[in-house]
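Trainee: Quick one: the structure is below, questions incoming.
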Amino acid sequence: MKQAFLLGNGAMALGLLEAGCQMLTSYPGTPSSEILPETVRFAKQANLNTVIEWSVNEKVALDNAFAAAISGKRAACCMKMVGLNVAADSFFSAAYIGNIGGLVVISCDDPGPHSSQTEQDSRFMARMAKVPVLDPSSPQEARAMIKTAFEISEQFQVPVLVRPAIRICHARQNIAYDELKNNDTKAVFKREPTRWASTPKFRFLQHKALNEKHVLIAEKFAALAPYNQHNIQPGQAHTLGIVTGGVPSAVVAELLAEFDRTDIPVLKLGAPYPFPASLADPFMDACDRVLVIEETDTVIEYLLGDRRKTFGRLSGHVPMEGELVPEKILAVMNQALSDSDLEPLTHGDNTQEAFVLTTSLDLPVRRPTLCPGCPHRASFYAIRKAVPKAIYPSDIGCYTLGSNLGGVDTVLDMGAGITLASGFWHAFRQDGVDKPIIATMGDSTFFHSGTTGLINAVYNDARFVLVILDNGITAMTGMQPAITQGVRVEGRKGNAIALETIVKGCGVTYLKVVDPYDVKHTIDEIRTAHEWSRSPDGGIAVIIARHPCVIGLRDQGLPETFEVMVTDECDDCGLCHLQFECPAMKRNPEKGKTEIDPVLCSGCGVCLHICPKDAVQCVLKEMT
């Protein structure tokens with residue numbers, strides 16, 4: 001056997017291939033992003049013929065996987081929890097229609113949230129769609145659950161959701177595994193229009209069949225040890241029991257073991273939906289009160305059904321928001337034990353002591369910012385200079401950090417940079433106000449969900465400037481390849497799609513391409529585009545600000561570098577800190593001027609254009 005110390009996402013990638021997954025699709029999004037490249041790595045090592053693709057968005061990913069599954073192959077798609085929103089239409093219908101080969105959807109939740117716009121709980125989405133859920137408590141369990149998910153999916157011909165939270169995705173665990181082998185199942189599609197192309201009449205019958213499946217799956221889940229189990233013996237009675245699942249179940253087990261508390265029974269629900277009532281009911285009957293500890297919302301708490309004997313979020317014992325880190329779980333358990341007249345696990349609040357200690361250190365506060373040399377910084381600076389009193393709708397991506405530069409006013413969801421710009425235009429126009437609007441959106445986001453909004457805005461005669469920030473890569477989620485580059489995830493050639501072609505296809509007639517490193521030219525082009533958009537014959541003007549990412553595509557992004565210095569002409573005006581915010585530019589309070597940190601400086605030389613006193617000087621470095 002081989003052994004590897006894997007991320008949870010790597011363990012799930014291994015689990016997919018061990019279970020014979022023949023197609024894996026995804027759109028990158030933290031905390032799910034590493035699953036697909038790890039699958040590529042294992043598949044290459046074992047010379048497997050698994051089809052693996054970065055899809056243009058999550059709905060496309062699920063549709064591709066669904067097609068493989070209804071042709072008899074084992075297929076999966078993975079995404080973060082808000083990506084499941086994008087795939088929702090397909091997700092709901094797939095549950096009704098069902099599948100032949102196993103279909104597993106991995107939706108990675110982000111309680112906290114650490115890098116997401118919401119703390120959405122995927123288990124709720126699965127419950128609405130009537131899709132069974134598996135909720136792992138460790139990387140190893142996540143890996144094992146994937147095989148179980150495929151088996152359940154094929155047995156009941158229904159998609160299955162595996163819901164790892166961020167502490168599963170990004171934890172590491174030592175994993176032992178055997179040689180991987182190809183699954184040679186052949187694709188066969190049998191025409192059955194009443195199923196695969198079902199009309200509402202047949203969807204009603206499919207819904208009835210799905211409900212019947214759920215009764216059987218709930219019975220299976222009641223006996224699905226070790227994922228679902230409790231440690232109460234017949235005839236026992238307890239003052240307080242704990243019901244838990246997912247990541248919190250691992251923390252609860254460790255805390256009870258650490259404090260040697262065998263008097264507190266635990267019901268673990270790693271497969272919470274369809275709800276295994278025949279397992280949960282005897283546990284509830286044996287306990288005077290139960291404490292429900294789950295992330296991120298109240299799925300188990302609602303399904304237990306007896307709020308009179310339940311401590312949880314609805315009783316105020318568990319926080320309604322935020323990640324349930326171990327210290328929070330300890331505090332929750334102590335409160336419930338005290339309220340039940342039982343001895344707490346420990347006394348005092350160590351988290352408060354740690355908080356006081358860290359705040360007393362007077363550490364500098366460093367908010368997230370764009371990387372040194374990032375072309376988006378130059379784009380936002382140019383936008384603010386060109387049209388300083390505009391509304392700046394933007395979108396999801398690393399360029400969201402343009403908010404620090406005053407160039408991002410709104411961030412709603414993928415694609416909303418365009419749709420909110422259109423909505424702002426019509427709202428102000430209704431009042432007879434000519435309000436400047438400069439929208440921004442990344443290249444990957446534009447392909448994901450920008451095109452429909454742009455077509456709609458063009459058709460409805462909105463007037464604004466759209467700056468597409470094209471850095472040639474999907475940077476924020478881990479440097480995945482962009483479809484403009486023509487390189488697929490496993491390194492094979494893809495058919496590159498030019499942004500210009502798609503933009504023109506959306507009906508846009510005004511299109512310019514600039515290099516944001518040429519700050520002056522970019523300012524001029526944005527200003528000209530804005531003026532055209534407001535002219536009688538104008539419309540939506542699109543500027544593609546194209547420069548390769550200096551991290552993911554360093555050789556292309558920085559073909560030449562400069563040695564940057566600040567002269568004594570600096571009068572400490574602070575403009576470079578407040579409106580440009582390059583991490584390599586730091587104020588020296590003793591000297592009363594800006595200095596360059598040579599460790600952080602990328603040598604891009606863009607800051608040469610920023611200082612109104614010309615105090616920034618750049619000297620081209622010799623190539624080595």
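Identifiers in this document derive from the order of the structure tokens: chains are assigned A, B, ..., residues are numbered from 1 separately in each chain, and ligands are numbered from 1 in order of occurrence.
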With a distance cut-off of 7 Å and only C-alpha atoms, select the neighbouring residues of segment 59-67 of chain A, excluding the residue or stretch itself and same-chain residues fewer than 3 positions from it, and output the selection as a list in words.
Mentor: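 Once the adjacent positions are removed, what remains is Met23, Leu24, Thr25, Ser26, Tyr27, Ser55, Val56, Ile70, Ser71, Ala75, Ala76, Cys77, Val86, Ala87, Ser90 and Leu103 of chain A.
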Trainee: As a PDB file with N, CA and C atoms, in the first residue's frame, please: all residues of segment 11-189 of chain A that backbone DSSP puts in alpha helix (DSSP H).
Mentor:
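What follows is the written file part.pdb:
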ATOM      1  N   ALA A  11      -7.914  13.759  -0.166  1.00  0.00           N
ATOM      2  CA  ALA A  11      -8.502  12.492   0.266  1.00  0.00           C
ATOM      3  C   ALA A  11      -9.793  12.209  -0.499  1.00  0.00           C
ATOM      4  N   MET A  12     -10.587  13.264  -0.736  1.00  0.00           N
ATOM      5  CA  MET A  12     -11.821  13.071  -1.516  1.00  0.00           C
ATOM      6  C   MET A  12     -11.510  12.760  -2.973  1.00  0.00           C
ATOM      7  N   ALA A  13     -10.472  13.389  -3.520  1.00  0.00           N
ATOM      8  CA  ALA A  13     -10.056  13.060  -4.887  1.00  0.00           C
ATOM      9  C   ALA A  13      -9.688  11.587  -4.982  1.00  0.00           C
ATOM     10  N   LEU A  14      -8.947  11.108  -3.991  1.00  0.00           N
ATOM     11  CA  LEU A  14      -8.583   9.692  -3.958  1.00  0.00           C
ATOM     12  C   LEU A  14      -9.833   8.827  -3.842  1.00  0.00           C
ATOM     13  N   GLY A  15     -10.769   9.246  -2.984  1.00  0.00           N
ATOM     14  CA  GLY A  15     -11.999   8.484  -2.819  1.00  0.00           C
ATOM     15  C   GLY A  15     -12.808   8.395  -4.097  1.00  0.00           C
ATOM     16  N   LEU A  16     -12.818   9.486  -4.871  1.00  0.00           N
ATOM     17  CA  LEU A  16     -13.543   9.474  -6.144  1.00  0.00           C
ATOM     18  C   LEU A  16     -12.979   8.420  -7.086  1.00  0.00           C
ATOM     19  N   LEU A  17     -11.656   8.383  -7.208  1.00  0.00           N
ATOM     20  CA  LEU A  17     -11.032   7.440  -8.141  1.00  0.00           C
ATOM     21  C   LEU A  17     -11.105   6.014  -7.616  1.00  0.00           C
ATOM     22  N   GLU A  18     -10.975   5.829  -6.303  1.00  0.00           N
ATOM     23  CA  GLU A  18     -11.129   4.485  -5.727  1.00  0.00           C
ATOM     24  C   GLU A  18     -12.537   3.943  -5.980  1.00  0.00           C
ATOM     25  N   ILE A  35      -9.903  19.789  -5.065  1.00  0.00           N
ATOM     26  CA  ILE A  35     -10.376  18.423  -5.344  1.00  0.00           C
ATOM     27  C   ILE A  35     -10.048  18.021  -6.770  1.00  0.00           C
ATOM     28  N   LEU A  36     -10.365  18.887  -7.731  1.00  0.00           N
ATOM     29  CA  LEU A  36     -10.163  18.514  -9.133  1.00  0.00           C
ATOM     30  C   LEU A  36      -8.683  18.363  -9.489  1.00  0.00           C
ATOM     31  N   PRO A  37      -7.793  19.320  -9.174  1.00  0.00           N
ATOM     32  CA  PRO A  37      -6.379  19.106  -9.516  1.00  0.00           C
ATOM     33  C   PRO A  37      -5.753  17.916  -8.800  1.00  0.00           C
ATOM     34  N   GLU A  38      -6.201  17.612  -7.583  1.00  0.00           N
ATOM     35  CA  GLU A  38      -5.701  16.421  -6.908  1.00  0.00           C
ATOM     36  C   GLU A  38      -6.177  15.155  -7.632  1.00  0.00           C
ATOM     37  N   THR A  39      -7.392  15.190  -8.155  1.00  0.00           N
ATOM     38  CA  THR A  39      -7.881  14.061  -8.946  1.00  0.00           C
ATOM     39  C   THR A  39      -7.037  13.893 -10.210  1.00  0.00           C
ATOM     40  N   VAL A  40      -6.701  15.001 -10.834  1.00  0.00           N
ATOM     41  CA  VAL A  40      -5.820  14.952 -12.008  1.00  0.00           C
ATOM     42  C   VAL A  40      -4.489  14.301 -11.638  1.00  0.00           C
ATOM     43  N   ARG A  41      -3.939  14.708 -10.501  1.00  0.00           N
ATOM     44  CA  ARG A  41      -2.633  14.180 -10.087  1.00  0.00           C
ATOM     45  C   ARG A  41      -2.685  12.668  -9.880  1.00  0.00           C
ATOM     46  N   PHE A  42      -3.673  12.192  -9.143  1.00  0.00           N
ATOM     47  CA  PHE A  42      -3.779  10.754  -8.896  1.00  0.00           C
ATOM     48  C   PHE A  42      -4.079   9.994 -10.192  1.00  0.00           C
ATOM     49  N   ALA A  43      -4.926  10.563 -11.037  1.00  0.00           N
ATOM     50  CA  ALA A  43      -5.281   9.889 -12.294  1.00  0.00           C
ATOM     51  C   ALA A  43      -4.064   9.754 -13.204  1.00  0.00           C
ATOM     52  N   LYS A  44      -3.219  10.791 -13.240  1.00  0.00           N
ATOM     53  CA  LYS A  44      -2.002  10.719 -14.062  1.00  0.00           C
ATOM     54  C   LYS A  44      -1.033   9.674 -13.511  1.00  0.00           C
ATOM     55  N   GLN A  45      -0.884   9.628 -12.190  1.00  0.00           N
ATOM     56  CA  GLN A  45       0.024   8.661 -11.579  1.00  0.00           C
ATOM     57  C   GLN A  45      -0.383   7.233 -11.900  1.00  0.00           C
ATOM     58  N   GLU A  58     -20.948  26.159 -12.474  1.00  0.00           N
ATOM     59  CA  GLU A  58     -21.363  24.964 -11.744  1.00  0.00           C
ATOM     60  C   GLU A  58     -22.540  24.251 -12.389  1.00  0.00           C
ATOM     61  N   LYS A  59     -23.468  24.984 -12.996  1.00  0.00           N
ATOM     62  CA  LYS A  59     -24.577  24.325 -13.683  1.00  0.00           C
ATOM     63  C   LYS A  59     -24.070  23.486 -14.849  1.00  0.00           C
ATOM     64  N   VAL A  60     -23.154  24.048 -15.615  1.00  0.00           N
ATOM     65  CA  VAL A  60     -22.566  23.303 -16.730  1.00  0.00           C
ATOM     66  C   VAL A  60     -21.860  22.052 -16.204  1.00  0.00           C
ATOM     67  N   ALA A  61     -21.161  22.204 -15.080  1.00  0.00           N
ATOM     68  CA  ALA A  61     -20.460  21.055 -14.492  1.00  0.00           C
ATOM     69  C   ALA A  61     -21.438  19.951 -14.125  1.00  0.00           C
ATOM     70  N   LEU A  62     -22.535  20.307 -13.462  1.00  0.00           N
ATOM     71  CA  LEU A  62     -23.502  19.291 -13.042  1.00  0.00           C
ATOM     72  C   LEU A  62     -24.191  18.656 -14.234  1.00  0.00           C
ATOM     73  N   ASP A  63     -24.516  19.443 -15.252  1.00  0.00           N
ATOM     74  CA  ASP A  63     -25.173  18.892 -16.439  1.00  0.00           C
ATOM     75  C   ASP A  63     -24.286  17.854 -17.128  1.00  0.00           C
ATOM     76  N   ASN A  64     -22.996  18.153 -17.248  1.00  0.00           N
ATOM     77  CA  ASN A  64     -22.073  17.194 -17.869  1.00  0.00           C
ATOM     78  C   ASN A  64     -22.006  15.898 -17.061  1.00  0.00           C
ATOM     79  N   ALA A  65     -21.892  16.037 -15.735  1.00  0.00           N
ATOM     80  CA  ALA A  65     -21.816  14.854 -14.888  1.00  0.00           C
ATOM     81  C   ALA A  65     -23.121  14.063 -14.946  1.00  0.00           C
ATOM     82  N   PHE A  66     -24.251  14.760 -14.979  1.00  0.00           N
ATOM     83  CA  PHE A  66     -25.554  14.100 -15.040  1.00  0.00           C
ATOM     84  C   PHE A  66     -25.694  13.281 -16.325  1.00  0.00           C
ATOM     85  N   ALA A  67     -25.232  13.838 -17.441  1.00  0.00           N
ATOM     86  CA  ALA A  67     -25.311  13.108 -18.708  1.00  0.00           C
ATOM     87  C   ALA A  67     -24.516  11.811 -18.641  1.00  0.00           C
ATOM     88  N   ALA A  68     -23.330  11.870 -18.033  1.00  0.00           N
ATOM     89  CA  ALA A  68     -22.533  10.649 -17.889  1.00  0.00           C
ATOM     90  C   ALA A  68     -23.253   9.647 -16.998  1.00  0.00           C
ATOM     91  N   ALA A  69     -23.888  10.148 -15.914  1.00  0.00           N
ATOM     92  CA  ALA A  69     -24.555   9.244 -14.972  1.00  0.00           C
ATOM     93  C   ALA A  69     -25.773   8.573 -15.579  1.00  0.00           C
ATOM     94  N   ILE A  70     -26.535   9.284 -16.426  1.00  0.00           N
ATOM     95  CA  ILE A  70     -27.718   8.638 -17.011  1.00  0.00           C
ATOM     96  C   ILE A  70     -27.336   7.749 -18.191  1.00  0.00           C
ATOM     97  N   MET A  81     -20.350  25.944  -1.699  1.00  0.00           N
ATOM     98  CA  MET A  81     -21.792  25.908  -1.424  1.00  0.00           C
ATOM     99  C   MET A  81     -22.565  26.936  -2.230  1.00  0.00           C
ATOM    100  N   VAL A  82     -22.009  28.145  -2.464  1.00  0.00           N
ATOM    101  CA  VAL A  82     -22.753  29.107  -3.268  1.00  0.00           C
ATOM    102  C   VAL A  82     -22.761  28.705  -4.742  1.00  0.00           C
ATOM    103  N   GLY A  83     -21.819  27.858  -5.150  1.00  0.00           N
ATOM    104  CA  GLY A  83     -21.865  27.305  -6.502  1.00  0.00           C
ATOM    105  C   GLY A  83     -23.054  26.387  -6.692  1.00  0.00           C
ATOM    106  N   LEU A  84     -23.510  25.767  -5.584  1.00  0.00           N
ATOM    107  CA  LEU A  84     -24.691  24.908  -5.678  1.00  0.00           C
ATOM    108  C   LEU A  84     -25.927  25.723  -6.036  1.00  0.00           C
ATOM    109  N   ASN A  85     -25.919  27.019  -5.660  1.00  0.00           N
ATOM    110  CA  ASN A  85     -27.016  27.895  -6.083  1.00  0.00           C
ATOM    111  C   ASN A  85     -27.073  27.990  -7.602  1.00  0.00           C
ATOM    112  N   VAL A  86     -25.902  28.117  -8.227  1.00  0.00           N
ATOM    113  CA  VAL A  86     -25.822  28.243  -9.683  1.00  0.00           C
ATOM    114  C   VAL A  86     -26.311  26.961 -10.345  1.00  0.00           C
ATOM    115  N   ALA A  88     -28.569  24.958  -9.108  1.00  0.00           N
ATOM    116  CA  ALA A  88     -29.803  24.529  -8.438  1.00  0.00           C
ATOM    117  C   ALA A  88     -30.849  23.965  -9.392  1.00  0.00           C
ATOM    118  N   ASP A  89     -31.056  24.586 -10.553  1.00  0.00           N
ATOM    119  CA  ASP A  89     -32.069  24.080 -11.489  1.00  0.00           C
ATOM    120  C   ASP A  89     -31.810  22.622 -11.834  1.00  0.00           C
ATOM    121  N   SER A  90     -30.574  22.335 -12.188  1.00  0.00           N
ATOM    122  CA  SER A  90     -30.220  20.961 -12.558  1.00  0.00           C
ATOM    123  C   SER A  90     -30.270  20.033 -11.349  1.00  0.00           C
ATOM    124  N   PHE A  91     -29.828  20.534 -10.194  1.00  0.00           N
ATOM    125  CA  PHE A  91     -29.787  19.742  -8.963  1.00  0.00           C
ATOM    126  C   PHE A  91     -31.182  19.260  -8.578  1.00  0.00           C
ATOM    127  N   PHE A  92     -32.172  20.173  -8.615  1.00  0.00           N
ATOM    128  CA  PHE A  92     -33.538  19.810  -8.245  1.00  0.00           C
ATOM    129  C   PHE A  92     -34.135  18.820  -9.244  1.00  0.00           C
ATOM    130  N   SER A  93     -33.944  19.086 -10.538  1.00  0.00           N
ATOM    131  CA  SER A  93     -34.525  18.197 -11.547  1.00  0.00           C
ATOM    132  C   SER A  93     -33.875  16.826 -11.537  1.00  0.00           C
ATOM    133  N   ALA A  94     -32.550  16.793 -11.320  1.00  0.00           N
ATOM    134  CA  ALA A  94     -31.841  15.508 -11.318  1.00  0.00           C
ATOM    135  C   ALA A  94     -32.369  14.586 -10.224  1.00  0.00           C
ATOM    136  N   ALA A  95     -32.798  15.168  -9.093  1.00  0.00           N
ATOM    137  CA  ALA A  95     -33.347  14.335  -8.015  1.00  0.00           C
ATOM    138  C   ALA A  95     -34.636  13.654  -8.443  1.00  0.00           C
ATOM    139  N   TYR A  96     -35.487  14.381  -9.176  1.00  0.00           N
ATOM    140  CA  TYR A  96     -36.734  13.799  -9.662  1.00  0.00           C
ATOM    141  C   TYR A  96     -36.463  12.738 -10.728  1.00  0.00           C
ATOM    142  N   ILE A  97     -35.656  13.108 -11.715  1.00  0.00           N
ATOM    143  CA  ILE A  97     -35.419  12.230 -12.864  1.00  0.00           C
ATOM    144  C   ILE A  97     -34.621  11.005 -12.460  1.00  0.00           C
ATOM    145  N   SER A 122     -25.316  23.708   2.884  1.00  0.00           N
ATOM    146  CA  SER A 122     -25.740  22.911   1.723  1.00  0.00           C
ATOM    147  C   SER A 122     -26.769  21.853   2.090  1.00  0.00           C
ATOM    148  N   ARG A 123     -26.803  21.469   3.353  1.00  0.00           N
ATOM    149  CA  ARG A 123     -27.790  20.448   3.750  1.00  0.00           C
ATOM    150  C   ARG A 123     -29.218  20.954   3.550  1.00  0.00           C
ATOM    151  N   PHE A 124     -29.424  22.271   3.746  1.00  0.00           N
ATOM    152  CA  PHE A 124     -30.750  22.835   3.498  1.00  0.00           C
ATOM    153  C   PHE A 124     -31.107  22.753   2.020  1.00  0.00           C
ATOM    154  N   MET A 125     -30.147  23.061   1.159  1.00  0.00           N
ATOM    155  CA  MET A 125     -30.397  22.974  -0.275  1.00  0.00           C
ATOM    156  C   MET A 125     -30.734  21.531  -0.662  1.00  0.00           C
ATOM    157  N   ALA A 126     -29.998  20.580  -0.083  1.00  0.00           N
ATOM    158  CA  ALA A 126     -30.270  19.176  -0.384  1.00  0.00           C
ATOM    159  C   ALA A 126     -31.652  18.765   0.104  1.00  0.00           C
ATOM    160  N   ARG A 127     -32.038  19.286   1.261  1.00  0.00           N
ATOM    161  CA  ARG A 127     -33.365  18.945   1.781  1.00  0.00           C
ATOM    162  C   ARG A 127     -34.459  19.499   0.873  1.00  0.00           C
ATOM    163  N   MET A 128     -34.274  20.730   0.380  1.00  0.00           N
ATOM    164  CA  MET A 128     -35.254  21.291  -0.549  1.00  0.00           C
ATOM    165  C   MET A 128     -35.340  20.474  -1.828  1.00  0.00           C
ATOM    166  N   ALA A 129     -34.189  20.018  -2.302  1.00  0.00           N
ATOM    167  CA  ALA A 129     -34.150  19.243  -3.544  1.00  0.00           C
ATOM    168  C   ALA A 129     -34.499  17.772  -3.320  1.00  0.00           C
ATOM    169  N   PRO A 139     -11.049  13.976   7.013  1.00  0.00           N
ATOM    170  CA  PRO A 139     -10.679  13.662   5.620  1.00  0.00           C
ATOM    171  C   PRO A 139     -10.843  12.184   5.282  1.00  0.00           C
ATOM    172  N   GLN A 140     -10.445  11.312   6.199  1.00  0.00           N
ATOM    173  CA  GLN A 140     -10.576   9.878   5.942  1.00  0.00           C
ATOM    174  C   GLN A 140     -12.036   9.481   5.791  1.00  0.00           C
ATOM    175  N   GLU A 141     -12.900  10.049   6.641  1.00  0.00           N
ATOM    176  CA  GLU A 141     -14.324   9.714   6.533  1.00  0.00           C
ATOM    177  C   GLU A 141     -14.921  10.276   5.244  1.00  0.00           C
ATOM    178  N   ALA A 142     -14.466  11.460   4.838  1.00  0.00           N
ATOM    179  CA  ALA A 142     -14.941  12.031   3.570  1.00  0.00           C
ATOM    180  C   ALA A 142     -14.586  11.114   2.416  1.00  0.00           C
ATOM    181  N   ARG A 143     -13.367  10.612   2.430  1.00  0.00           N
ATOM    182  CA  ARG A 143     -12.933   9.671   1.378  1.00  0.00           C
ATOM    183  C   ARG A 143     -13.826   8.428   1.363  1.00  0.00           C
ATOM    184  N   ALA A 144     -14.086   7.857   2.531  1.00  0.00           N
ATOM    185  CA  ALA A 144     -14.898   6.638   2.598  1.00  0.00           C
ATOM    186  C   ALA A 144     -16.349   6.914   2.219  1.00  0.00           C
ATOM    187  N   MET A 145     -16.851   8.077   2.607  1.00  0.00           N
ATOM    188  CA  MET A 145     -18.252   8.409   2.316  1.00  0.00           C
ATOM    189  C   MET A 145     -18.524   8.504   0.824  1.00  0.00           C
ATOM    190  N   ILE A 146     -17.522   8.888   0.049  1.00  0.00           N
ATOM    191  CA  ILE A 146     -17.738   9.018  -1.393  1.00  0.00           C
ATOM    192  C   ILE A 146     -18.098   7.667  -2.004  1.00  0.00           C
ATOM    193  N   LYS A 147     -17.424   6.623  -1.579  1.00  0.00           N
ATOM    194  CA  LYS A 147     -17.770   5.277  -2.069  1.00  0.00           C
ATOM    195  C   LYS A 147     -19.204   4.924  -1.654  1.00  0.00           C
ATOM    196  N   THR A 148     -19.544   5.219  -0.399  1.00  0.00           N
ATOM    197  CA  THR A 148     -20.909   4.970   0.072  1.00  0.00           C
ATOM    198  C   THR A 148     -21.915   5.775  -0.740  1.00  0.00           C
ATOM    199  N   ALA A 149     -21.573   7.035  -1.036  1.00  0.00           N
ATOM    200  CA  ALA A 149     -22.477   7.899  -1.799  1.00  0.00           C
ATOM    201  C   ALA A 149     -22.758   7.314  -3.174  1.00  0.00           C
ATOM    202  N   PHE A 150     -21.727   6.813  -3.853  1.00  0.00           N
ATOM    203  CA  PHE A 150     -21.940   6.193  -5.166  1.00  0.00           C
ATOM    204  C   PHE A 150     -22.846   4.967  -5.047  1.00  0.00           C
ATOM    205  N   GLU A 151     -22.634   4.165  -4.014  1.00  0.00           N
ATOM    206  CA  GLU A 151     -23.439   2.949  -3.843  1.00  0.00           C
ATOM    207  C   GLU A 151     -24.905   3.289  -3.587  1.00  0.00           C
ATOM    208  N   ILE A 152     -25.142   4.281  -2.711  1.00  0.00           N
ATOM    209  CA  ILE A 152     -26.523   4.696  -2.440  1.00  0.00           C
ATOM    210  C   ILE A 152     -27.154   5.292  -3.695  1.00  0.00           C
ATOM    211  N   SER A 153     -26.378   6.095  -4.419  1.00  0.00           N
ATOM    212  CA  SER A 153     -26.882   6.727  -5.635  1.00  0.00           C
ATOM    213  C   SER A 153     -27.325   5.691  -6.655  1.00  0.00           C
ATOM    214  N   GLU A 154     -26.540   4.643  -6.814  1.00  0.00           N
ATOM    215  CA  GLU A 154     -26.902   3.605  -7.783  1.00  0.00           C
ATOM    216  C   GLU A 154     -28.026   2.716  -7.273  1.00  0.00           C
ATOM    217  N   GLN A 155     -28.032   2.419  -5.976  1.00  0.00           N
ATOM    218  CA  GLN A 155     -29.077   1.555  -5.428  1.00  0.00           C
ATOM    219  C   GLN A 155     -30.457   2.187  -5.567  1.00  0.00           C
ATOM    220  N   PHE A 156     -30.530   3.503  -5.300  1.00  0.00           N
ATOM    221  CA  PHE A 156     -31.833   4.182  -5.302  1.00  0.00           C
ATOM    222  C   PHE A 156     -32.024   5.087  -6.520  1.00  0.00           C
ATOM    223  N   ILE A 166     -15.151  23.441   5.520  1.00  0.00           N
ATOM    224  CA  ILE A 166     -13.794  23.895   5.219  1.00  0.00           C
ATOM    225  C   ILE A 166     -12.744  23.166   6.051  1.00  0.00           C
ATOM    226  N   ARG A 167     -13.081  22.791   7.308  1.00  0.00           N
ATOM    227  CA  ARG A 167     -12.095  22.115   8.152  1.00  0.00           C
ATOM    228  C   ARG A 167     -11.869  20.668   7.724  1.00  0.00           C
ATOM    229  N   ILE A 168     -12.727  20.137   6.897  1.00  0.00           N
ATOM    230  CA  ILE A 168     -12.462  18.848   6.254  1.00  0.00           C
ATOM    231  C   ILE A 168     -11.629  19.078   5.003  1.00  0.00           C
ATOM    232  N   CYS A 169     -12.030  20.044   4.209  1.00  0.00           N
ATOM    233  CA  CYS A 169     -11.339  20.308   2.943  1.00  0.00           C
ATOM    234  C   CYS A 169      -9.871  20.635   3.147  1.00  0.00           C
TER     235      CYS A 169
END
Trainee: Which residues come within 10 Å of Thr451 of chain A, counting only C-alpha atoms, excluding same-chain residues fewer than 3 positions away, as a list of chain:residue names?
Mentor: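 So the residues in contact are A:Gly415, A:Ile418, A:Thr445, A:Phe446, A:Phe447, A:His448, A:Leu454, A:Ile455, A:Asn456, A:Ala457, A:Ile502, A:Val503, A:Gly505, A:Cys506.
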Trainee: Go ahead and save the picked residues with C-alpha atoms, as a compact mmCIF listing (two decimals), in the first residue's frame.
Mentor:
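Dumped everything to out39.txt:
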# COMPACT_ATOMS: atom_id res chain seq x y z
CA GLY A 415 -22.19 38.22 -12.73
CA ILE A 418 -22.95 43.88 -15.02
CA THR A 445 -16.39 35.50 -13.90
CA PHE A 446 -17.44 36.96 -17.24
CA PHE A 447 -17.49 33.52 -18.84
CA HIS A 448 -19.14 32.04 -15.72
CA LEU A 454 -24.40 41.84 -20.83
CA ILE A 455 -26.84 40.67 -23.51
CA ASN A 456 -29.72 41.88 -21.34
CA ALA A 457 -28.07 45.27 -20.73
CA ILE A 502 -17.89 36.78 -26.90
CA VAL A 503 -18.22 40.48 -26.08
CA GLY A 505 -21.41 38.38 -29.84
CA CYS A 506 -23.33 39.96 -26.94
Trainee: Give me, please, the distance in Å between atom CA of Val606 of chain A and atom CA of Val519 of chain A, quoted to one decimal.
Mentor: 7.4 Å
Trainee: Just checking: using only C-alpha atoms, which residue out of A:Glu34, A:Asp109, A:Glu490, A:Glu531 ends up closest to Asn47 of chain A?
Mentor: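 Counting only C-alpha atoms, the residue closest to Asn47 of chain A is A:Glu490.
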Trainee: Which of these, A:Leu363, A:Ala171, A:Cys21, A:Leu370, has the shortest distance to Leu48 of chain A once you count only C-alpha atoms?
Mentor: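 Ranked by minimum distance to Leu48 of chain A, first place goes to A:Cys21.
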Trainee: Rank nothing, just name the residue among A:Met1, A:Asp524, A:Gln120, A:Arg172 nearest to Thr298 of chain A, using only C-alpha atoms.
Mentor: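 Of all the options, A:Gln120 lies closest to Thr298 of chain A.
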Trainee: Identify all residues of segment 469-537 of chain A in strand (DSSP E or B) (DSSP on the backbone) and supply them as an MDAnalysis selection string.
Mentor: chainID A and resid 469:470 473:474 480:481 487 493 510:514
Trainee: Out of A:Leu608, A:Val489, A:Met585, A:Ala439, which residue has the shortest atom-to-atom distance to Ala541 of chain A when counting only C-alpha atoms?
Mentor: A:Ala439
Trainee: For Val325 of chain A, find every residue with an atom within 12 Å (counting only C-alpha atoms), except residues of its own chain fewer than 2 positions away, and show them as an MDAnalysis selection string.
Mentor: chainID A and resid 111:112 165:167 247:252 293:296 318:319 321:323 327:332 351
Trainee: For atom CA of Ala482 of chain A and atom CA of Thr509 of chain A, determine how far apart the two atoms are, in Å to one decimal place.
Mentor: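 Interatomic distance, atom CA of Ala482 of chain A to atom CA of Thr509 of chain A: 24.3 Å.
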Trainee: List the neighbours of His577 of chain A out to 9 Å using only C-alpha atoms; skip same-chain residues closer than 4 positions along the sequence, and give me the result as a ChimeraX atom specification.
Mentor: /A:573,581-583,585-587,594
Trainee: Within 8 Å of Asp413 of chain A, counting only C-alpha atoms, which residues qualify if same-chain residues fewer than 6 places away don't, as a VMD selection string?
Mentor: chain A and resid 117 395 to 396
Trainee: Can you tell me, as an NGL selection string, what residues are no more than 12 Å from Pro481 of chain A when counting only C-alpha atoms, ignoring any on the same chain fewer than 2 positions away?
Mentor: :A and (27-28 or 37 or 53-56 or 443-444 or 471-479 or 483-494 or 496 or 548-549 or 552-553)
Trainee: Which one is closest to Cys78 of chain A: A:Asn49, A:Ser32, A:Ser449, A:Asn404? Count only C-alpha atoms.
Mentor: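 The answer is A:Ser32, which sits nearest to Cys78 of chain A.
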